[in-house]
Amino acid sequence: MGVSFVTMAGNVLLAGFKLFAGIFAHSSAMISDAVHSLSDVLSTLVVILGVKFSHKAADREHPYGHERIECVAALLLAVPLAFTGFGIGGAGVRLLLAGRESEMITPGLLALVAAVISILVKEAMYWYTRHAALVLHADVLMADAWHHRSDALSSVGSLLGIAGARLGFAFLDPLASMVICMFILKAAYSIFMESVRKMMDTACDEETVTQIEKAICAQPGVLCIDQLKSRLFGDRIYIDVEIQVDGNLSLARAHDIAHCVHDAVEREFDRVKHCMVHVNPQ
């Protein structure tokens, strides 16, 4: 999990820099942003543990493996992500309702520079982690990528708030916080629903099913497919298929055809963990 270690180290350095800038430049927004970055370190630790345990071999108590641990880890990330969104949005609402300019601190230039650097670094982390998630088909990495994006959006809010405060438009800070809140909550909802969908044995996408059907029908002896069911198990796919063969074939020959279908599907599709084949006579 080199990706997670890289982003975790980056978050530690970035959070330290933002905390220093927030204290030195008297910016409460930047201090809050630093705390947000520190929360990403904990989230990344959850990612590392989730991916590590999901790749454990099947055992007696878990004969189908441990892939769903990734879904559980993604759910654990979605919850603090949602709380972060509510926290940012709630703080913005309170400041807008209070309407007191005295509560808005005028920050120094260093805080403005720190906000720009944070946006660039966190956005780079988002695309870096997102690419790895797509390559590895790891939901928990995609959840972590969105956590980086939420931190980048939080830094955008800090940038607008700091710039607004320095220009005399203090209301921009709480207003930006409320906008950021909506983005973060949307990301948390998407991560949560995707994890729940995969834990409920949802079928895989139509394009993948079509490709699997073509591979099955291409096997010698397969006349047609009577039924094909797919289900997602974490980032892996299980296939149950009923094929039709010549009813006059011997049991041994029908078994060989089924075995060829099984091997072809698992060989040609990396995400398919197991293919169960049932034979029906024509």
# chains A, B, ... in the order shown; residues from 1 in each chain; ligands from 1
>>> residues_around(residues="Ile237 (chain A)", least_positions_apart="6", cutoff="6 Å", atoms="only C-alpha atoms", output="PyMOL selection string")
chain A and resi 231+271-273
>>> residues_around(residues="region 212-218 of chain A", least_positions_apart="3", cutoff="12 Å", atoms="only C-alpha atoms", output="PyMOL selection string")
chain A and resi 204-209+221-230+237-245+257-272+275+277
>>> atom_distance(atom1="CA of Cys181 (chain A)", atom2="CA of Gly90 (chain A)")
8.5 Å
>>> residues_around(residues="region 117-133 of chain A", least_positions_apart="3", cutoff="6 Å", atoms="only C-alpha atoms", output="list in words")
Ala114, Leu136, His137, Ala138, Leu141, Met142, Ala145, His148, Arg149, Ala152 and Ser155 of chain A
>>> closest_residue(among="A:His55, A:Arg166, A:Lys186, A:Arg68", to="His147 (chain A)", atoms="only C-alpha atoms")
A:Lys186
>>> residues_around(residues="region 187-200 of chain A", least_positions_apart="2", cutoff="12 Å", atoms="only C-alpha atoms", output="ChimeraX atom specification")
/A:66-86,138-151,153,180-185,202-205,230-238
>>> atom_distance(atom1="CA of Phe17 (chain A)", atom2="CA of Phe5 (chain A)")
18.6 Å
>>> select_by_dssp(residues="region 92-164 of chain A", states="alpha helix (DSSP H)", output="ChimeraX atom specification")
/A:92-98,109-136,139-164
>>> closest_residue(among="A:Leu110, A:Val116, A:Asp246, A:Gly161", to="Ile23 (chain A)", atoms="only C-alpha atoms")
A:Leu110
>>> closest_residue(among="A:Pro281, A:Val93, A:Ala25, A:Met8", to="Leu38 (chain A)", atoms="only C-alpha atoms")
A:Met8
